[in-house]
Amino acid sequence: MQKVSFELSGEFVELNQLLKLVGLCDSGGAGKMMVADGGVKVDGKQELRKTAKIRAGQQVSVGDLRISVEAA
C-alpha cells in the first residue's frame, strides 16, 4: 500500500479538493466523480459525501493509496 502525507493549512479540506491536491485527479469535479463512484474511504468507511470535511488526523483511502491528513 502506498502512503502519502498531506499537510493541512486550515481547519479542514473538502474531500474532492483533497483528491485533487494530492494528484489523484485533475479537478475538483473529477474528485466528486471518484467519490460518487464509491471508491473512496475515510477512516475505513465508504464516504459518498463529495465535499465531506476532512480534518487533521483522518485517513483517506483510494484503492491501494492511503492519504494521512496532518496538521500544519
# chains A, B, ... in the order shown; residues from 1 in each chain; ligands from 1
$ residues_around --residues "Leu21 (chain A)" --least-positions-apart "3" --cutoff "12 Å" --atoms "only C-alpha atoms" --output "PDB file with C-alpha atoms, in the first residue's frame"
ATOM      1  CA  VAL A   4       1.009   9.890   1.153  1.00  0.00           C
ATOM      2  CA  SER A   5       1.019  12.647   3.776  1.00  0.00           C
ATOM      3  CA  PHE A   6      -1.000  15.822   3.241  1.00  0.00           C
ATOM      4  CA  GLU A   7      -0.290  18.887   5.381  1.00  0.00           C
ATOM      5  CA  LEU A   8      -3.490  20.741   6.192  1.00  0.00           C
ATOM      6  CA  VAL A  13     -10.212  20.413   3.351  1.00  0.00           C
ATOM      7  CA  GLU A  14     -13.151  19.166   1.287  1.00  0.00           C
ATOM      8  CA  LEU A  15     -12.754  15.564   0.188  1.00  0.00           C
ATOM      9  CA  ASN A  16     -12.985  16.266  -3.560  1.00  0.00           C
ATOM     10  CA  GLN A  17     -10.348  19.020  -3.229  1.00  0.00           C
ATOM     11  CA  LEU A  18      -8.030  16.736  -1.250  1.00  0.00           C
ATOM     12  CA  LEU A  24      -5.288  11.666  -7.854  1.00  0.00           C
ATOM     13  CA  CYS A  25      -7.408  13.676 -10.292  1.00  0.00           C
ATOM     14  CA  ASP A  26      -7.135  16.804 -12.417  1.00  0.00           C
ATOM     15  CA  SER A  27     -10.018  18.818 -10.959  1.00  0.00           C
ATOM     16  CA  GLY A  28     -12.454  19.053  -8.086  1.00  0.00           C
ATOM     17  CA  ALA A  30     -13.223  14.711 -11.224  1.00  0.00           C
ATOM     18  CA  GLY A  31     -12.738  14.257  -7.467  1.00  0.00           C
ATOM     19  CA  ILE A  67      -3.580   9.640   2.474  1.00  0.00           C
ATOM     20  CA  VAL A  69      -4.001  14.238   6.789  1.00  0.00           C
TER      21      VAL A  69
END
$ select_by_dssp --residues "chain A" --states "strand (DSSP E)" --output "list in words"
Gln2, Lys3, Val4, Ser5, Phe6, Glu7, Leu8, Val13, Glu14, Val40, Lys41, Val42, Lys45, Gln46, Lys53, Ile54, Gln59, Val60, Ser61, Val62, Leu65, Arg66, Ile67, Ser68, Val69, Glu70 and Ala71 of chain A
$ select_by_dssp --residues "region 3-57 of chain A" --states "helix (DSSP H, G or I)" --output "NGL selection string"
:A and (15-21 or 28-36)
$ residues_around --residues "Arg66 (chain A)" --least-positions-apart "4" --cutoff "10 Å" --atoms "only C-alpha atoms" --output "list of chain:residue names"
A:Met1, A:Gln2, A:Lys3, A:Val4, A:Ser5, A:Lys41, A:Val42, A:Asp43, A:Gln59, A:Val60, A:Ser61, A:Val62
$ closest_residue --among "A:Gly10, A:Gly29, A:Gly23, A:Gly39" --to "Asp64 (chain A)" --atoms "only C-alpha atoms"
A:Gly39
$ residues_around --residues "Glu11 (chain A)" --least-positions-apart "6" --cutoff "10 Å" --atoms "only C-alpha atoms" --output "ChimeraX atom specification"
/A:53-56,71-72
$ write_last_selection --atoms "N, CA and C atoms" --output "PDB file, in the first residue's frame"
ATOM      1  N   LYS A  53     -15.933  17.234   5.056  1.00  0.00           N
ATOM      2  CA  LYS A  53     -14.820  17.978   5.654  1.00  0.00           C
ATOM      3  C   LYS A  53     -13.814  17.003   6.242  1.00  0.00           C
ATOM      4  N   ILE A  54     -12.611  17.026   5.700  1.00  0.00           N
ATOM      5  CA  ILE A  54     -11.537  16.150   6.163  1.00  0.00           C
ATOM      6  C   ILE A  54     -10.621  16.976   7.059  1.00  0.00           C
ATOM      7  N   ARG A  55     -10.426  16.497   8.271  1.00  0.00           N
ATOM      8  CA  ARG A  55      -9.639  17.234   9.267  1.00  0.00           C
ATOM      9  C   ARG A  55      -8.363  16.477   9.607  1.00  0.00           C
ATOM     10  N   ALA A  56      -7.455  17.165  10.284  1.00  0.00           N
ATOM     11  CA  ALA A  56      -6.184  16.556  10.694  1.00  0.00           C
ATOM     12  C   ALA A  56      -6.464  15.299  11.515  1.00  0.00           C
ATOM     13  N   ALA A  71      -1.881  18.046  10.636  1.00  0.00           N
ATOM     14  CA  ALA A  71      -1.943  19.483  10.910  1.00  0.00           C
ATOM     15  C   ALA A  71      -0.644  20.152  10.479  1.00  0.00           C
ATOM     16  N   ALA A  72      -0.736  21.388  10.055  1.00  0.00           N
ATOM     17  CA  ALA A  72       0.451  22.146   9.611  1.00  0.00           C
ATOM     18  C   ALA A  72       1.343  22.500  10.779  1.00  0.00           C
TER      19      ALA A  72
END
$ atom_distance --atom1 "CA of Lys45 (chain A)" --atom2 "CA of Val22 (chain A)"
19.9 Å
